[in-house]
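Have a look at the structure below before the remarks.
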Amino acid sequence: MPECAWASKYGVTGLNAYWPDSAATYWSTVYPVTEDLEITISGVYPDARYASFTVYDDKPTWFSRNGANSSLPDHLIAPDPGSANPWQGVRRPGGRFTLTLSPDVAPGQPNRLPLSREDALPGAKASVIYRVYLPTGGDSTVVLPTVTLTQGGVSKTLPTCPPTPPPTPTPTPTPPPPPPSPPTSPSPTPPATTPPATTPAAPAAVPAEDVAAAPDSTDRAGGDDPEGPGEADRPSPPPITGDKLFTRTSEVENLAPNPDNAYLGAWLLPPGPDHVVVIRGRAAQAVSGSHPVSWPRRRAEVRYWSMCTNLGGQYKPVVINRFADGSTSYGCRYNDETRLDRHGNYAFVLGTEGQRAAIEDVRNTTFVPFSVSYPTVPHMVLLRHLLPVADFPYAVQNVPMNSSAETAAAIMGAYYPLVTVCSLATLTTEGPHGCSA
């Protein structure tokens with residue numbers, strides 16, 4: 001049995017592993033499968049954009065037992081008597097909740113999650129992960145819940161494990177894995193992207209392999225224009241063109257996946273010092289800020305979305321570029337950090353830290369860094385949709401797993417990210433719309 005609770009911390013302030021989002025932190029408690037064991041988790045609702053609890057088997061993946069799912073998002077966590085859930089109405093954070101992990105579960109039981117799979121062998125490893133996105137004041141302000149083990153009628157409350165410093169980054173990375181295999185209905189090889197004749201020729205393609213491989217107000221941000229989207233008399237947006245490289249693959253969603261999240265991913269190679277990768281599409285409408293809001297929420301399509309650059313290898317970290325002056329540049333941009341044009345479209349520009357100033361001077365673009373330490377290795381670029389509402393048909397969650405890029409693009413429509421390689425000179429003189437496929 002564990003001697004303390006929440007021993008492992010994942011994210012940019014903990015172990016940077018398993019495709020983390022730099023705006024999120026994950027705490028884990030591991031325990032052996034024991035049929036007479038129950039675990040009680042008691043705590044306060046965090047002051048954050050999102051939180052959840054998920055129980056995993058030894059693979060690790062979430063599951064259901066006797067019709068009860070092993071995950072519970074914030075807005076479905078019932079409050080203790082006399083308390084209130086801030087995601088269930090206009091309430092202040094700080095109300096209390098109590099969850100029970102038990103082998104005895106049934107559908108519809110509030111705050112009760114299965115302890116393990118029904119077919120799990122005694123002694124097999126299971127775990128519970130507490131996720132928090134965008135906590136107000138950072139993850140050091142999150143009060144970790146109390147964990148109590150009850151076995152044979154005897155209860156023991158675990159102390160919280162002392163913080164463990166994250167591992168020191170190694171000077172060389174584990175080689176990244178090969179890019180994902182093409183799905184059963186692969187796309188044709190993406191065409192070359194050729195810049196204007198006045199600039200150096202761009203690489204033939206950006207994928208690492210030829211694969212077919214989103215405000216307390218929920219108004220969509222309007223980029224640098226004063227009027228946001230939704231104006232009845234606005235002109236039609238210019239067409240967005242680019243290669244269809246992003247797919248939804250089990251490669252990304254098989255490591256302690258969050259059932260509230262879904263991802264489109266593409267292995268992309270940094271194109272060199274004079275070029276950048278431009279990713280454009282429609283931004284899902286998401287809430288903003290770092291406080292709970294009632295959910296579902298009018299006009300919101302997802303709770304949160306982000307675009308991230310990650311490395312491969314054993315740990316699959318998000319890009320973190322650290323500098324001599326102590327500053328840090330993370331490889332994620334979430335909806336609040338993303339500049340949109342008046343039509344609600346984003347233009348992420350993936351480039352080097354040396355290109356950052358020039359990119360950020362371009363209107364309605366959002367810089368996302370490639371790794372400084374490993375500038376020539378393939379990067380896994382992820383579009384993450386968190387908690388879409390039921391009537392949002394263009395969410396990543398609606399894309400079948402391991403389907404083709406064409407299938408993903410057909411389902412997501414304007415929300416599908418299209419990729420082009422562009423010379424930095426073209427981007428800075430013509431803007432992202434000058435970077436056509």
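As shown in the structure tokens, the chain order sets the letters A, B, ...; within each chain, residues go from 1, and ligands are also counted from 1 in the order they appear.
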Please extract the residues of segment 35-70 of chain A with a backbone DSSP assignment of strand (DSSP E) and present them as a PDB file with C-alpha atoms, in the first residue's frame.
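Output (out17.pdb):
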ATOM      1  CA  LEU A  37      -9.933  -1.843  -0.222  1.00  0.00           C
ATOM      2  CA  GLU A  38     -11.803   1.451  -0.493  1.00  0.00           C
ATOM      3  CA  ILE A  39     -10.147   4.819  -1.038  1.00  0.00           C
ATOM      4  CA  THR A  40     -11.752   8.083   0.066  1.00  0.00           C
ATOM      5  CA  ILE A  41     -10.591  11.337  -1.519  1.00  0.00           C
ATOM      6  CA  SER A  42     -11.700  14.509   0.255  1.00  0.00           C
ATOM      7  CA  GLY A  43     -10.785  18.033  -0.735  1.00  0.00           C
ATOM      8  CA  VAL A  44     -11.753  21.515  -1.875  1.00  0.00           C
ATOM      9  CA  ALA A  48      -8.952  26.710 -11.800  1.00  0.00           C
ATOM     10  CA  ARG A  49     -10.281  26.429 -15.349  1.00  0.00           C
ATOM     11  CA  TYR A  50     -10.690  22.642 -15.127  1.00  0.00           C
ATOM     12  CA  ALA A  51     -10.111  19.708 -12.788  1.00  0.00           C
ATOM     13  CA  SER A  52     -10.879  15.984 -12.832  1.00  0.00           C
ATOM     14  CA  PHE A  53     -10.162  12.615 -11.233  1.00  0.00           C
ATOM     15  CA  THR A  54      -9.486   9.485 -13.291  1.00  0.00           C
ATOM     16  CA  VAL A  55      -8.726   5.931 -12.167  1.00  0.00           C
ATOM     17  CA  TYR A  56      -6.408   3.869 -14.400  1.00  0.00           C
ATOM     18  CA  SER A  64     -15.675   1.138 -16.777  1.00  0.00           C
ATOM     19  CA  ARG A  65     -16.905  -1.421 -14.272  1.00  0.00           C
ATOM     20  CA  ALA A  68     -19.639   3.015 -13.940  1.00  0.00           C
ATOM     21  CA  ASN A  69     -16.897   5.026 -15.663  1.00  0.00           C
TER      22      ASN A  69
END
Within 8 Å of Arg303 of chain A using only C-alpha atoms, minus same-chain residues under 5 positions, as a PDB file with C-alpha atoms, in the first residue's frame:
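The result, stored in selection-v5.pdb:
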ATOM      1  CA  ARG A  49     -10.281  26.429 -15.349  1.00  0.00           C
ATOM      2  CA  TYR A  50     -10.690  22.642 -15.127  1.00  0.00           C
ATOM      3  CA  ALA A 214     -10.259  26.825 -28.169  1.00  0.00           C
ATOM      4  CA  ALA A 286     -13.722  28.353 -25.187  1.00  0.00           C
ATOM      5  CA  VAL A 287     -14.073  29.948 -21.789  1.00  0.00           C
ATOM      6  CA  HIS A 385      -9.799  19.886 -27.398  1.00  0.00           C
ATOM      7  CA  LEU A 386     -10.977  19.573 -23.775  1.00  0.00           C
ATOM      8  CA  LEU A 387     -14.603  18.914 -22.783  1.00  0.00           C
ATOM      9  CA  PRO A 388     -16.535  19.814 -25.921  1.00  0.00           C
TER      10      PRO A 388
END
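Using only C-alpha atoms for every distance, the candidate list A:Leu264, A:Cys161, A:Asp47, A:Leu245 yields A:Asp47 as the residue closest to Pro86 of chain A.
Considering the residues A:Val143, A:Ala284, A:Ala262, A:Ala405 and counting only C-alpha atoms, Ser250 of chain A has its shortest atom-to-atom contact with A:Ala262.
Checking A:Asn254, A:Asn398, A:Asn364, A:Ser83 one by one against Gly413 of chain A, counting only C-alpha atoms, you find the shortest gap at A:Asn398.
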Residue contacts of segment 278-280 of chain A (8 Å, only C-alpha atoms) excluding same-chain residues fewer than 6 positions away, as a ChimeraX atom specification = /A:240,345-350,417-422,432,435
task = Just the residues within 6 Å of Trp27 of chain A, please, counting only C-alpha atoms, with nothing from its chain fewer than 6 positions along; format it as a PyMOL selection string.
result = chain A and resi 6+8-9+129-130
Please produce an output containing C-alpha atoms for each residue in the selection, written as a PDB file, in the first residue's frame.
ATOM      1  CA  TRP A   6       0.194  12.109  -4.637  1.00  0.00           C
ATOM      2  CA  SER A   8       4.135  11.652  -8.624  1.00  0.00           C
ATOM      3  CA  LYS A   9       3.697  15.050 -10.227  1.00  0.00           C
ATOM      4  CA  ILE A 129      -4.752  10.931 -11.269  1.00  0.00           C
ATOM      5  CA  TYR A 130      -5.890  14.403 -10.197  1.00  0.00           C
TER       6      TYR A 130
END
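You can rank A:Thr407, A:Thr366, A:Asn258, A:Thr157 by their closest distance to Pro60 of chain A using only C-alpha atoms, and at the top of that list sits A:Asn258.
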Distance criterion (only C-alpha atoms): nearest to Arg282 of chain A out of A:Arg299, A:Arg92, A:Arg342, A:Lys244 = A:Arg342
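The residue that comes closest to Lys316 of chain A, out of A:Val389, A:Val276, A:Leu15, A:Leu269 and on the basis of only C-alpha atoms, is A:Leu15.
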request  = Find the residues near Pro369 of chain A: any atom within 12 Å, counting only C-alpha atoms, skip ones fewer than 4 places away on the same chain, and give them as a PyMOL selection string.
outcome  = chain A and resi 270+276-278+307-311+318-322+328-333+348-357+359-360+373-375+379+381
With C-alpha atoms retained, could you export that selection as a PDB file, in the first residue's frame?
ATOM      1  CA  PRO A 270      11.681  21.986 -38.266  1.00  0.00           C
ATOM      2  CA  VAL A 276       8.689  28.466 -40.606  1.00  0.00           C
ATOM      3  CA  VAL A 277       5.705  26.137 -40.332  1.00  0.00           C
ATOM      4  CA  VAL A 278       2.313  27.853 -40.444  1.00  0.00           C
ATOM      5  CA  MET A 307      -1.611  23.795 -29.652  1.00  0.00           C
ATOM      6  CA  CYS A 308       1.663  22.278 -28.402  1.00  0.00           C
ATOM      7  CA  THR A 309       5.047  21.182 -29.707  1.00  0.00           C
ATOM      8  CA  ASN A 310       6.457  18.017 -28.142  1.00  0.00           C
ATOM      9  CA  LEU A 311       9.449  15.725 -28.536  1.00  0.00           C
ATOM     10  CA  VAL A 318       6.438  19.190 -24.169  1.00  0.00           C
ATOM     11  CA  VAL A 319       9.067  21.592 -25.500  1.00  0.00           C
ATOM     12  CA  ILE A 320      10.673  23.683 -22.748  1.00  0.00           C
ATOM     13  CA  ASN A 321      13.399  26.125 -23.790  1.00  0.00           C
ATOM     14  CA  ARG A 322      15.384  27.433 -20.805  1.00  0.00           C
ATOM     15  CA  THR A 328      11.570  29.831 -19.918  1.00  0.00           C
ATOM     16  CA  SER A 329       9.682  29.370 -23.171  1.00  0.00           C
ATOM     17  CA  TYR A 330       7.054  26.625 -23.270  1.00  0.00           C
ATOM     18  CA  GLY A 331       5.816  24.786 -26.345  1.00  0.00           C
ATOM     19  CA  CYS A 332       2.077  25.260 -25.692  1.00  0.00           C
ATOM     20  CA  ARG A 333      -0.311  28.066 -26.504  1.00  0.00           C
ATOM     21  CA  PHE A 348       0.225  29.366 -35.332  1.00  0.00           C
ATOM     22  CA  VAL A 349       3.757  29.888 -36.593  1.00  0.00           C
ATOM     23  CA  LEU A 350       6.243  27.250 -35.484  1.00  0.00           C
ATOM     24  CA  GLY A 351       9.783  28.508 -35.563  1.00  0.00           C
ATOM     25  CA  THR A 352      13.025  28.944 -33.673  1.00  0.00           C
ATOM     26  CA  GLU A 353      13.492  31.223 -30.693  1.00  0.00           C
ATOM     27  CA  GLY A 354      15.702  33.337 -32.951  1.00  0.00           C
ATOM     28  CA  GLN A 355      12.733  33.877 -35.279  1.00  0.00           C
ATOM     29  CA  ARG A 356      10.339  34.728 -32.450  1.00  0.00           C
ATOM     30  CA  ALA A 357      10.564  38.539 -32.541  1.00  0.00           C
ATOM     31  CA  ILE A 359       7.032  36.255 -36.056  1.00  0.00           C
ATOM     32  CA  GLU A 360       5.377  38.094 -33.179  1.00  0.00           C
ATOM     33  CA  SER A 373      18.245  21.749 -27.615  1.00  0.00           C
ATOM     34  CA  TYR A 374      17.031  19.412 -30.353  1.00  0.00           C
ATOM     35  CA  PRO A 375      16.381  21.638 -33.370  1.00  0.00           C
ATOM     36  CA  HIS A 379       8.316  17.297 -33.221  1.00  0.00           C
ATOM     37  CA  VAL A 381       2.499  18.897 -32.778  1.00  0.00           C
TER      38      VAL A 381
END
request  = Please give the complete set of residues from segment 222-416 of chain A that DSSP, run on the backbone, assigns to alpha helix (DSSP H), formatted as a count of residues only.
outcome  = 13
inquiry  = Taking 3 positions as the minimum chain separation for residues in the same chain, which residues sit within 12 Å of Gly67 of chain A when counting only C-alpha atoms? Answer as a ChimeraX atom specification.
reply    = /A:63-64,70,104-109,112-114,117-118
